[in-house]
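> To be precise about what I am sending: the file is called final-v4.pdb and holds PDB, C-alpha atoms.
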```pdb
ATOM      1  CA  MET F  30    -142.432  85.812 -53.911
ATOM      2  CA  PRO F  31    -143.541  82.651 -55.803
ATOM      3  CA  GLY F  32    -141.157  79.711 -55.843
ATOM      4  CA  ALA F  33    -139.415  78.113 -58.807
ATOM      5  CA  ILE F  34    -142.631  76.146 -59.453
ATOM      6  CA  TYR F  35    -145.919  77.892 -58.712
ATOM      7  CA  ALA F  36    -149.511  76.928 -59.490
ATOM      8  CA  GLU F  37    -152.737  78.564 -58.435
ATOM      9  CA  GLY F  38    -156.211  77.139 -58.978
ATOM     10  CA  LEU F  39    -155.292  74.680 -61.756
ATOM     11  CA  VAL F  40    -158.358  72.988 -63.239
ATOM     12  CA  LYS F  41    -158.344  70.338 -65.969
ATOM     13  CA  THR F  42    -161.277  68.205 -67.085
ATOM     14  CA  PHE F  43    -161.535  65.253 -69.455
ATOM     15  CA  GLY F  44    -165.204  64.897 -70.353
ATOM     16  CA  ASP F  45    -167.026  64.332 -67.073
ATOM     17  CA  VAL F  46    -163.799  63.650 -65.157
ATOM     18  CA  ARG F  47    -162.335  66.588 -63.221
ATOM     19  CA  ALA F  48    -158.688  65.495 -63.144
ATOM     20  CA  LEU F  49    -157.523  68.711 -61.449
ATOM     21  CA  ASP F  50    -159.933  70.562 -59.216
ATOM     22  CA  GLY F  51    -158.189  73.776 -58.185
ATOM     23  CA  VAL F  52    -154.609  72.659 -57.434
ATOM     24  CA  ASP F  53    -152.292  75.125 -55.646
ATOM     25  CA  LEU F  54    -148.539  74.449 -55.432
ATOM     26  CA  ASP F  55    -145.473  76.465 -54.465
ATOM     27  CA  VAL F  56    -141.978  74.942 -54.587
ATOM     28  CA  PRO F  57    -139.108  77.121 -53.313
ATOM     29  CA  GLU F  58    -135.955  77.221 -55.409
ATOM     30  CA  GLY F  59    -133.488  74.412 -54.677
ATOM     31  CA  THR F  60    -135.995  72.190 -52.859
ATOM     32  CA  VAL F  61    -137.963  69.009 -53.595
ATOM     33  CA  LEU F  62    -141.750  68.810 -53.431
ATOM     34  CA  GLY F  63    -143.135  65.281 -53.356
ATOM     35  CA  LEU F  64    -146.575  65.045 -54.955
ATOM     36  CA  LEU F  65    -148.008  61.985 -53.237
ATOM     37  CA  GLY F  66    -151.162  60.189 -54.287
ATOM     38  CA  PRO F  67    -152.726  57.018 -55.712
ATOM     39  CA  ASN F  68    -153.124  56.298 -59.420
ATOM     40  CA  GLY F  69    -155.740  58.592 -60.908
ATOM     41  CA  ALA F  70    -155.355  61.271 -58.211
ATOM     42  CA  GLY F  71    -154.219  63.912 -60.715
ATOM     43  CA  LYS F  72    -150.435  63.836 -60.218
ATOM     44  CA  THR F  73    -149.493  63.180 -63.853
ATOM     45  CA  THR F  74    -152.089  65.667 -65.125
ATOM     46  CA  ALA F  75    -150.571  68.346 -62.873
ATOM     47  CA  VAL F  76    -147.088  67.594 -64.210
ATOM     48  CA  ARG F  77    -148.299  67.780 -67.802
ATOM     49  CA  CYS F  78    -149.942  71.150 -67.215
ATOM     50  CA  LEU F  79    -146.818  72.539 -65.570
ATOM     51  CA  THR F  80    -144.551  71.233 -68.357
ATOM     52  CA  THR F  81    -146.783  72.611 -71.199
ATOM     53  CA  LEU F  82    -147.893  69.173 -72.447
ATOM     54  CA  LEU F  83    -151.479  69.974 -71.445
ATOM     55  CA  ARG F  84    -153.239  73.316 -71.249
ATOM     56  CA  PRO F  85    -155.296  73.721 -68.070
ATOM     57  CA  ASP F  86    -158.907  74.833 -68.403
ATOM     58  CA  SER F  87    -158.277  77.560 -65.842
ATOM     59  CA  GLY F  88    -155.734  78.678 -63.280
ATOM     60  CA  LYS F  89    -152.223  80.092 -63.277
ATOM     61  CA  ALA F  90    -148.810  78.408 -63.501
ATOM     62  CA  VAL F  91    -145.299  79.859 -63.393
ATOM     63  CA  VAL F  92    -142.132  77.752 -63.776
ATOM     64  CA  ALA F  93    -138.615  79.187 -63.440
ATOM     65  CA  GLY F  94    -140.182  82.649 -63.381
ATOM     66  CA  ILE F  95    -141.911  82.086 -66.758
ATOM     67  CA  ASP F  96    -145.671  82.037 -67.352
ATOM     68  CA  VAL F  97    -146.528  78.537 -68.549
ATOM     69  CA  LEU F  98    -149.581  79.598 -70.572
ATOM     70  CA  ARG F  99    -148.106  82.695 -72.204
ATOM     71  CA  GLN F 100    -144.538  81.522 -72.870
ATOM     72  CA  PRO F 101    -144.575  77.716 -73.241
ATOM     73  CA  ASN F 102    -141.490  77.568 -75.491
ATOM     74  CA  GLU F 103    -139.408  79.468 -72.940
ATOM     75  CA  VAL F 104    -140.623  77.157 -70.178
ATOM     76  CA  ARG F 105    -139.538  74.085 -72.169
ATOM     77  CA  ARG F 106    -136.017  75.447 -72.463
ATOM     78  CA  SER F 107    -135.812  75.835 -68.667
ATOM     79  CA  ILE F 108    -137.040  72.423 -67.521
ATOM     80  CA  GLY F 109    -136.223  68.735 -67.614
ATOM     81  CA  LEU F 110    -138.884  66.010 -67.591
ATOM     82  CA  SER F 111    -138.599  62.324 -66.743
ATOM     83  CA  GLY F 112    -141.912  60.513 -67.173
ATOM     84  CA  GLN F 113    -143.300  57.240 -65.864
ATOM     85  CA  PHE F 114    -141.781  55.308 -68.750
ATOM     86  CA  ALA F 115    -138.274  55.789 -70.117
ATOM     87  CA  ALA F 116    -138.656  57.899 -73.274
ATOM     88  CA  VAL F 117    -135.587  56.681 -75.156
ATOM     89  CA  ASP F 118    -135.111  55.420 -78.714
ATOM     90  CA  GLU F 119    -134.341  51.733 -78.307
ATOM     91  CA  TYR F 120    -132.617  51.474 -81.694
ATOM     92  CA  LEU F 121    -130.058  54.151 -80.823
ATOM     93  CA  THR F 122    -127.183  53.609 -78.424
ATOM     94  CA  GLY F 123    -127.154  55.336 -75.086
ATOM     95  CA  ARG F 124    -124.590  57.830 -76.380
ATOM     96  CA  GLU F 125    -126.609  58.520 -79.534
ATOM     97  CA  ASN F 126    -129.758  59.123 -77.493
ATOM     98  CA  LEU F 127    -128.057  61.775 -75.389
ATOM     99  CA  GLN F 128    -126.360  63.409 -78.364
ATOM    100  CA  MET F 129    -129.714  63.575 -80.164
ATOM    101  CA  VAL F 130    -131.300  65.345 -77.203
ATOM    102  CA  GLY F 131    -128.409  67.809 -77.134
ATOM    103  CA  GLN F 132    -128.945  68.594 -80.799
ATOM    104  CA  LEU F 133    -132.660  69.109 -80.177
ATOM    105  CA  TYR F 134    -131.596  71.734 -77.637
ATOM    106  CA  GLN F 135    -129.555  73.268 -80.502
ATOM    107  CA  MET F 136    -126.205  72.403 -78.940
ATOM    108  CA  LYS F 137    -123.241  72.143 -81.290
ATOM    109  CA  ALA F 138    -122.279  68.571 -82.170
ATOM    110  CA  LYS F 139    -118.995  68.696 -80.260
ATOM    111  CA  ALA F 140    -120.659  70.095 -77.127
ATOM    112  CA  ALA F 141    -123.480  67.536 -77.332
ATOM    113  CA  LYS F 142    -120.957  64.678 -77.617
ATOM    114  CA  ALA F 143    -118.965  65.968 -74.640
ATOM    115  CA  ARG F 144    -122.095  66.400 -72.514
ATOM    116  CA  ALA F 145    -123.267  62.883 -73.427
ATOM    117  CA  GLY F 146    -119.955  61.468 -72.220
ATOM    118  CA  GLU F 147    -120.219  63.338 -68.903
ATOM    119  CA  LEU F 148    -123.745  62.081 -68.254
ATOM    120  CA  LEU F 149    -122.935  58.489 -69.178
ATOM    121  CA  GLU F 150    -120.170  58.531 -66.566
ATOM    122  CA  GLN F 151    -122.359  60.223 -63.958
ATOM    123  CA  PHE F 152    -125.169  57.695 -64.393
ATOM    124  CA  HIS F 153    -122.860  54.651 -64.491
ATOM    125  CA  LEU F 154    -123.685  53.869 -68.119
ATOM    126  CA  ALA F 155    -120.268  54.385 -69.714
ATOM    127  CA  ASP F 156    -119.667  50.645 -70.156
ATOM    128  CA  ALA F 157    -122.921  50.325 -72.113
ATOM    129  CA  ALA F 158    -122.689  53.668 -73.912
ATOM    130  CA  ASP F 159    -122.340  52.189 -77.411
ATOM    131  CA  ARG F 160    -124.900  49.407 -77.066
ATOM    132  CA  PRO F 161    -128.445  49.794 -78.464
ATOM    133  CA  THR F 162    -130.744  50.784 -75.613
ATOM    134  CA  LYS F 163    -133.067  47.885 -76.433
ATOM    135  CA  THR F 164    -130.423  45.732 -74.715
ATOM    136  CA  TYR F 165    -130.582  47.837 -71.523
ATOM    137  CA  SER F 166    -132.280  46.670 -68.340
ATOM    138  CA  GLY F 167    -135.217  48.625 -66.951
ATOM    139  CA  GLY F 168    -132.991  50.376 -64.424
ATOM    140  CA  MET F 169    -130.476  51.348 -67.110
ATOM    141  CA  ARG F 170    -133.201  52.796 -69.318
ATOM    142  CA  ARG F 171    -134.522  54.775 -66.368
ATOM    143  CA  ARG F 172    -131.081  56.254 -65.700
ATOM    144  CA  LEU F 173    -130.631  57.080 -69.391
ATOM    145  CA  ASP F 174    -134.011  58.808 -69.471
ATOM    146  CA  LEU F 175    -133.054  60.898 -66.456
ATOM    147  CA  ALA F 176    -129.690  61.722 -68.035
ATOM    148  CA  ALA F 177    -131.510  62.894 -71.182
ATOM    149  CA  ALA F 178    -133.607  65.257 -69.059
ATOM    150  CA  LEU F 179    -130.380  66.791 -67.713
ATOM    151  CA  VAL F 180    -128.508  67.401 -70.967
ATOM    152  CA  VAL F 181    -128.787  71.196 -70.595
ATOM    153  CA  SER F 182    -128.625  71.232 -66.760
ATOM    154  CA  PRO F 183    -132.143  72.689 -66.328
ATOM    155  CA  PRO F 184    -132.846  74.734 -63.188
ATOM    156  CA  VAL F 185    -136.210  72.981 -62.730
ATOM    157  CA  MET F 186    -136.907  69.241 -63.017
ATOM    158  CA  PHE F 187    -140.135  67.239 -63.077
ATOM    159  CA  MET F 188    -140.031  63.504 -62.328
ATOM    160  CA  ASP F 189    -143.252  61.556 -62.681
ATOM    161  CA  GLU F 190    -142.987  58.361 -60.585
ATOM    162  CA  PRO F 191    -139.334  57.882 -61.590
ATOM    163  CA  THR F 192    -138.767  54.600 -59.730
ATOM    164  CA  THR F 193    -141.956  52.747 -60.674
ATOM    165  CA  GLY F 194    -141.054  49.208 -61.721
ATOM    166  CA  LEU F 195    -137.453  49.371 -60.497
ATOM    167  CA  ASP F 196    -135.935  46.789 -58.164
ATOM    168  CA  PRO F 197    -134.712  47.992 -54.735
ATOM    169  CA  ARG F 198    -131.074  48.326 -55.830
ATOM    170  CA  ASN F 199    -131.878  50.440 -58.899
ATOM    171  CA  ARG F 200    -134.294  52.523 -56.847
ATOM    172  CA  GLN F 201    -131.595  53.293 -54.272
ATOM    173  CA  GLU F 202    -129.128  54.219 -57.030
ATOM    174  CA  LEU F 203    -131.632  56.573 -58.631
ATOM    175  CA  TRP F 204    -132.362  58.179 -55.259
ATOM    176  CA  GLU F 205    -128.657  58.969 -54.872
ATOM    177  CA  VAL F 206    -128.552  60.563 -58.318
ATOM    178  CA  ILE F 207    -131.591  62.699 -57.475
ATOM    179  CA  LYS F 208    -130.028  63.798 -54.171
ATOM    180  CA  GLN F 209    -126.860  64.900 -55.989
ATOM    181  CA  LEU F 210    -128.942  66.791 -58.509
ATOM    182  CA  VAL F 211    -130.803  68.730 -55.836
ATOM    183  CA  ALA F 212    -127.586  69.370 -53.896
ATOM    184  CA  GLY F 213    -126.390  71.173 -57.011
ATOM    185  CA  GLY F 214    -129.274  73.646 -56.771
ATOM    186  CA  THR F 215    -131.949  72.092 -58.982
ATOM    187  CA  THR F 216    -135.607  72.522 -57.994
ATOM    188  CA  LEU F 217    -137.582  69.289 -58.290
ATOM    189  CA  LEU F 218    -141.227  68.304 -58.365
ATOM    190  CA  LEU F 219    -141.458  64.550 -57.829
ATOM    191  CA  THR F 220    -144.658  62.509 -58.108
ATOM    192  CA  THR F 221    -144.772  59.195 -56.296
ATOM    193  CA  GLN F 222    -147.055  56.602 -54.744
ATOM    194  CA  TYR F 223    -144.422  55.676 -52.177
ATOM    195  CA  LEU F 224    -144.190  57.425 -48.816
ATOM    196  CA  GLU F 225    -140.728  55.861 -48.406
ATOM    197  CA  GLU F 226    -139.561  57.626 -51.564
ATOM    198  CA  ALA F 227    -140.921  60.962 -50.372
ATOM    199  CA  ASP F 228    -139.215  60.274 -47.012
ATOM    200  CA  HIS F 229    -135.825  59.984 -48.717
ATOM    201  CA  LEU F 230    -136.100  62.808 -51.215
ATOM    202  CA  ALA F 231    -138.703  65.469 -50.441
ATOM    203  CA  HIS F 232    -138.333  68.546 -48.270
ATOM    204  CA  ASP F 233    -142.109  68.930 -48.354
ATOM    205  CA  ILE F 234    -145.006  66.692 -49.443
ATOM    206  CA  ALA F 235    -148.367  67.580 -50.974
ATOM    207  CA  VAL F 236    -150.984  64.826 -50.766
ATOM    208  CA  VAL F 237    -153.323  64.742 -53.775
ATOM    209  CA  ASP F 238    -156.651  62.939 -54.025
ATOM    210  CA  HIS F 239    -159.437  63.378 -56.587
ATOM    211  CA  GLY F 240    -157.631  66.296 -58.205
ATOM    212  CA  ARG F 241    -157.163  68.309 -55.013
ATOM    213  CA  VAL F 242    -154.300  68.941 -52.608
ATOM    214  CA  ILE F 243    -155.801  67.629 -49.372
ATOM    215  CA  ALA F 244    -152.775  67.997 -47.081
ATOM    216  CA  ARG F 245    -149.274  69.410 -47.125
ATOM    217  CA  GLY F 246    -146.319  69.151 -44.779
ATOM    218  CA  THR F 247    -143.112  67.301 -44.088
ATOM    219  CA  SER F 248    -143.082  63.529 -43.948
ATOM    220  CA  ASP F 249    -142.983  63.595 -40.136
ATOM    221  CA  GLN F 250    -145.907  66.021 -40.002
ATOM    222  CA  LEU F 251    -148.022  63.804 -42.228
ATOM    223  CA  LYS F 252    -147.147  60.728 -40.219
ATOM    224  CA  ALA F 253    -148.072  62.519 -37.019
ATOM    225  CA  ARG F 254    -151.555  63.087 -38.422
ATOM    226  CA  THR F 255    -152.040  59.319 -38.632
ATOM    227  CA  GLY F 256    -151.040  58.761 -35.007
ATOM    228  CA  GLY F 257    -147.277  58.475 -35.302
ATOM    229  CA  GLU F 258    -145.386  55.352 -34.239
ATOM    230  CA  ARG F 259    -146.996  52.226 -32.850
ATOM    231  CA  VAL F 260    -145.633  49.199 -31.058
ATOM    232  CA  GLU F 261    -147.141  45.911 -32.234
ATOM    233  CA  VAL F 262    -146.761  42.739 -30.146
ATOM    234  CA  VAL F 263    -147.942  39.200 -30.862
ATOM    235  CA  VAL F 264    -147.938  37.161 -27.652
ATOM    236  CA  HIS F 265    -147.352  33.407 -27.684
ATOM    237  CA  GLU F 266    -150.007  32.425 -25.142
ATOM    238  CA  ARG F 267    -153.520  33.869 -25.265
ATOM    239  CA  GLU F 268    -153.745  33.931 -21.442
ATOM    240  CA  HIS F 269    -150.882  36.468 -21.357
ATOM    241  CA  MET F 270    -152.750  39.057 -23.442
ATOM    242  CA  ALA F 271    -154.223  40.910 -20.470
ATOM    243  CA  THR F 272    -150.827  41.242 -18.797
ATOM    244  CA  ALA F 273    -149.216  42.303 -22.083
ATOM    245  CA  ALA F 274    -151.927  44.957 -22.505
ATOM    246  CA  GLU F 275    -151.092  46.255 -19.031
ATOM    247  CA  VAL F 276    -147.390  46.470 -19.929
ATOM    248  CA  LEU F 277    -148.045  48.272 -23.206
ATOM    249  CA  GLY F 278    -150.442  50.642 -21.475
ATOM    250  CA  GLY F 279    -147.552  51.805 -19.306
ATOM    251  CA  PHE F 280    -145.577  52.893 -22.341
ATOM    252  CA  GLY F 281    -148.355  54.006 -24.680
ATOM    253  CA  LYS F 282    -149.618  57.450 -25.593
ATOM    254  CA  GLY F 283    -153.136  56.215 -26.173
ATOM    255  CA  SER F 284    -155.393  53.208 -25.826
ATOM    256  CA  THR F 285    -154.129  49.707 -26.593
ATOM    257  CA  THR F 286    -155.886  47.824 -29.402
ATOM    258  CA  VAL F 287    -156.293  44.095 -28.765
ATOM    259  CA  GLU F 288    -157.021  41.534 -31.498
ATOM    260  CA  GLU F 289    -158.008  38.310 -29.738
ATOM    261  CA  HIS F 290    -157.950  36.048 -32.794
ATOM    262  CA  THR F 291    -154.383  36.994 -33.813
ATOM    263  CA  ARG F 292    -153.087  37.604 -30.231
ATOM    264  CA  LYS F 293    -151.820  40.998 -31.455
ATOM    265  CA  LEU F 294    -151.733  44.153 -29.350
ATOM    266  CA  THR F 295    -151.033  47.626 -30.737
ATOM    267  CA  VAL F 296    -150.399  50.887 -28.893
ATOM    268  CA  PRO F 297    -149.360  54.373 -30.108
ATOM    269  CA  VAL F 298    -145.998  55.484 -28.699
ATOM    270  CA  THR F 299    -143.215  58.038 -28.956
ATOM    271  CA  GLY F 300    -139.571  57.249 -28.378
ATOM    272  CA  GLY F 301    -138.592  55.027 -31.280
ATOM    273  CA  ALA F 302    -136.162  52.107 -30.985
ATOM    274  CA  LYS F 303    -135.080  53.020 -27.451
ATOM    275  CA  LEU F 304    -138.632  52.669 -26.180
ATOM    276  CA  LEU F 305    -139.064  49.400 -28.084
ATOM    277  CA  ALA F 306    -136.070  47.939 -26.220
ATOM    278  CA  GLU F 307    -137.634  48.972 -22.911
ATOM    279  CA  VAL F 308    -140.929  47.285 -23.845
ATOM    280  CA  ILE F 309    -139.104  44.054 -24.707
ATOM    281  CA  ARG F 310    -137.258  44.080 -21.351
ATOM    282  CA  GLU F 311    -140.465  44.654 -19.404
ATOM    283  CA  LEU F 312    -142.326  41.885 -21.221
ATOM    284  CA  ASP F 313    -139.428  39.528 -20.496
ATOM    285  CA  THR F 314    -139.386  40.556 -16.824
ATOM    286  CA  ARG F 315    -143.107  39.765 -16.570
ATOM    287  CA  GLY F 316    -142.538  36.337 -18.144
ATOM    288  CA  ILE F 317    -144.524  37.051 -21.302
ATOM    289  CA  GLU F 318    -143.297  35.046 -24.292
ATOM    290  CA  ILE F 319    -143.786  36.818 -27.619
ATOM    291  CA  ASP F 320    -143.875  35.556 -31.208
ATOM    292  CA  ASP F 321    -143.266  38.959 -32.785
ATOM    293  CA  ILE F 322    -142.705  42.583 -31.830
ATOM    294  CA  GLY F 323    -141.975  45.665 -33.885
ATOM    295  CA  LEU F 324    -142.093  49.434 -34.141
ATOM    296  CA  ARG F 325    -144.464  50.349 -36.933
ATOM    297  CA  ARG F 326    -144.492  53.671 -38.749
ATOM    298  CA  PRO F 327    -147.451  54.841 -40.845
ATOM    299  CA  THR F 328    -147.605  53.563 -44.404
ATOM    300  CA  LEU F 329    -149.050  55.271 -47.472
ATOM    301  CA  ASP F 330    -152.356  53.532 -46.808
ATOM    302  CA  ASP F 331    -152.315  54.747 -43.202
ATOM    303  CA  VAL F 332    -151.814  58.344 -44.356
ATOM    304  CA  PHE F 333    -154.598  58.110 -46.896
ATOM    305  CA  LEU F 334    -156.958  56.349 -44.547
ATOM    306  CA  SER F 335    -156.399  59.110 -42.015
ATOM    307  CA  LEU F 336    -156.788  61.949 -44.524
ATOM    308  CA  THR F 337    -159.510  60.647 -46.833
ATOM    309  CA  GLY F 338    -161.227  57.712 -45.152
ATOM    310  CA  HIS F 339    -160.079  55.280 -47.859
ATOM    311  CA  VAL F 340    -156.861  53.481 -48.721
ATOM    312  CA  ALA F 341    -154.646  54.360 -51.658
ATOM    313  CA  GLU F 342    -155.503  51.547 -54.042
ATOM    314  CA  ALA F 343    -152.851  50.372 -56.454
ATOM    315  CA  LYS F 344    -155.399  49.654 -59.205
ATOM    316  CA  GLU F 345    -155.546  52.181 -62.025
ATOM    317  CA  ASN F 346    -158.875  53.655 -63.035
ATOM    318  CA  GLY F 347    -159.606  54.434 -66.668
ATOM    319  CA  LEU F 348    -158.082  57.895 -66.582
ATOM    320  CA  ALA F 349    -154.873  56.687 -64.941
ATOM    321  CA  ALA F 350    -154.538  53.876 -67.448
ATOM    322  CA  ASP F 351    -154.956  56.315 -70.324
ATOM    323  CA  ALA F 352    -152.322  58.556 -68.765
ATOM    324  CA  GLY F 353    -149.905  55.652 -68.450
ATOM    325  CA  ARG F 354    -150.380  54.632 -72.089
ATOM    326  CA  GLU F 355    -149.734  58.185 -73.257
ATOM    327  CA  ASP F 356    -146.795  58.869 -70.966
ATOM    328  CA  GLU F 357    -144.010  57.508 -73.155
ATOM    329  CA  ASP F 358    -145.189  59.565 -76.139
ATOM    330  CA  ALA F 359    -145.402  62.610 -73.875
ATOM    331  CA  GLY F 360    -141.804  62.099 -72.785
ATOM    332  CA  HIS F 361    -140.604  62.049 -76.393
ATOM    333  CA  GLN F 362    -142.748  65.098 -77.149
ATOM    334  CA  ALA F 363    -141.291  67.044 -74.218
ATOM    335  CA  LYS F 364    -137.752  66.512 -75.515
ATOM    336  CA  LYS F 365    -138.626  67.337 -79.142
ATOM    337  CA  GLU F 366    -140.596  70.464 -78.255
ATOM    338  CA  THR F 367    -137.421  72.128 -76.970
ATOM    339  CA  ALA F 368    -136.129  72.409 -80.519
ATOM    340  CA  LYS F 369    -138.983  74.722 -81.505
TER
END
```
Represent the structure of the file as structure tokens.

Amino acid sequence: MPGAIYAEGLVKTFGDVRALDGVDLDVPEGTVLGLLGPNGAGKTTAVRCLTTLLRPDSGKAVVAGIDVLRQPNEVRRSIGLSGQFAAVDEYLTGRENLQMVGQLYQMKAKAAKARAGELLEQFHLADAADRPTKTYSGGMRRRLDLAAALVVSPPVMFMDEPTTGLDPRNRQELWEVIKQLVAGGTTLLLTTQYLEEADHLAHDIAVVDHGRVIARGTSDQLKARTGGERVEVVVHEREHMATAAEVLGGFGKGSTTVEEHTRKLTVPVTGGAKLLAEVIRELDTRGIEIDDIGLRRPTLDDVFLSLTGHVAEAKENGLAADAGREDEDAGHQAKKETAK
């Protein structure tokens, strides 16, 4: 039985660029799938196909039990979409923005006003509810955009890099809102460039590169494919490197890498913080002074280097840049299409 979001063999080309090259996805109801990949990998294109903003060249897609290609209007009434840029009218107040979205969903004025008030409270925007949104901070606009996507409490949500550009505090606040949303039974497809974000929010992660899903699993499973945890030590005296390598070798689950010029030694391990404490005690017992020591987990670049042979570059290629420029208009379109 397909999940709340299901795609099979999605293909989408733009000229000579194959943005999607046979993407398969299946998201069980009430869970979060993190679509992880660098700019230009095809994440936003996949979201647009699944939310009816783009028509795939071939393939099948079903959202909330509705065929995306055959019944796009019905799909729009069953989903919420928060894009990379907050799609809000900056000349309207926060309250007016939410009421407008409610009316686009053909809610009665009284119901739309009541729902706007509920969401403003939920997203900690009540104090700024009657200010023009052009006076809002980036984090406030992001929360308002997410609130607008939830006006009709859709069973399925799509969030395209929802925390891009937010400071750490606003990112943490948005994560908590998303967790509450999913706890209430919503199914979510979340695109992100950040493994940390997928760590916090996703039950499962699909790694996308060059328009294909190249790996899928939990965060821990993906990390394990890159070699898991590593202890890194920088010794103070170069003559202690051989002894430090011997110590690390006793704890490691593989060979120790030694960088002579930086006096850094790295070894794969299992055991987490408890093992790190044991390594520190042993180094101290052997009289080895260290400048730095830490337990390192794989990063996004580590995962991509392991899976693809290249790092996940932050630079946007032409297609990604075009997608970013169009994203705000797409967000407005997604909200207005529901009125049809």
> Please expand the PyMOL selection byres ((chain F and resi 223) around 9) into the concrete residues it hits in this file, giving the result as a PyMOL selection string.
chain F and resi 65-66+190+221-222+224-228+328-329
> Taking C-alpha atoms for each residue, export the selection above as a PDB file, keeping the file's coordinate frame.

```pdb
ATOM      1  CA  LEU F  65    -148.008  61.985 -53.237  1.00  0.00           C
ATOM      2  CA  GLY F  66    -151.162  60.189 -54.287  1.00  0.00           C
ATOM      3  CA  GLU F 190    -142.987  58.361 -60.585  1.00  0.00           C
ATOM      4  CA  THR F 221    -144.772  59.195 -56.296  1.00  0.00           C
ATOM      5  CA  GLN F 222    -147.055  56.602 -54.744  1.00  0.00           C
ATOM      6  CA  LEU F 224    -144.190  57.425 -48.816  1.00  0.00           C
ATOM      7  CA  GLU F 225    -140.728  55.861 -48.406  1.00  0.00           C
ATOM      8  CA  GLU F 226    -139.561  57.626 -51.564  1.00  0.00           C
ATOM      9  CA  ALA F 227    -140.921  60.962 -50.372  1.00  0.00           C
ATOM     10  CA  ASP F 228    -139.215  60.274 -47.012  1.00  0.00           C
ATOM     11  CA  THR F 328    -147.605  53.563 -44.404  1.00  0.00           C
ATOM     12  CA  LEU F 329    -149.050  55.271 -47.472  1.00  0.00           C
TER      13      LEU F 329
END
```
> Quick one: pull the distance between CA of Leu110 in chain F and CA of Leu210 in chain F, Å, one decimal.
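So the answer is 13.5 Å.
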> So that I can see what lies close to range 165-172 of chain F, please list as a ChimeraX atom specification the residues with an atom at most 9 Å from it, counting only C-alpha atoms and leaving out residues fewer than 5 positions away in the same chain.
/F:111,114-117,119,123,152-154,157,160,177,191-192,194-196,199-200,203,206
> Give me the range 232-294 of chain F side of the contact with range 33-44 of chain F, cut-off 12 Å, one line per residue showing its nearest atom pair and distance in Å at one decimal, counting all atoms listed in the file, sorted by chain and residue number, as CSV.

```
residue,atom,partner,partner_atom,distance
F:His239,CA,F:Thr42,CA,11.7
F:Gly240,CA,F:Val40,CA,8.4
F:Arg241,CA,F:Leu39,CA,9.5
F:Val242,CA,F:Gly38,CA,10.6
```
> Please save C-alpha atoms of the selected residues as an mmCIF file, keeping the file's coordinate frame.

```cif
data_model
loop_
_atom_site.group_PDB
_atom_site.id
_atom_site.type_symbol
_atom_site.label_atom_id
_atom_site.label_comp_id
_atom_site.auth_asym_id
_atom_site.auth_seq_id
_atom_site.Cartn_x
_atom_site.Cartn_y
_atom_site.Cartn_z
ATOM 1 C CA HIS F 239 -159.437 63.378 -56.587
ATOM 2 C CA GLY F 240 -157.631 66.296 -58.205
ATOM 3 C CA ARG F 241 -157.163 68.309 -55.013
ATOM 4 C CA VAL F 242 -154.300 68.941 -52.608
#
```
> Could you name the residues that touch Gly246 in chain F at 6 Å or less, counting only C-alpha atoms, but leaving out those on the same chain fewer than 4 positions away, as an mmCIF file with C-alpha atoms, in the frame of the given file?

```cif
data_model
loop_
_atom_site.group_PDB
_atom_site.id
_atom_site.type_symbol
_atom_site.label_atom_id
_atom_site.label_comp_id
_atom_site.auth_asym_id
_atom_site.auth_seq_id
_atom_site.Cartn_x
_atom_site.Cartn_y
_atom_site.Cartn_z
ATOM 1 C CA ASP F 233 -142.109 68.930 -48.354
ATOM 2 C CA ILE F 234 -145.006 66.692 -49.443
ATOM 3 C CA GLN F 250 -145.907 66.021 -40.002
#
```
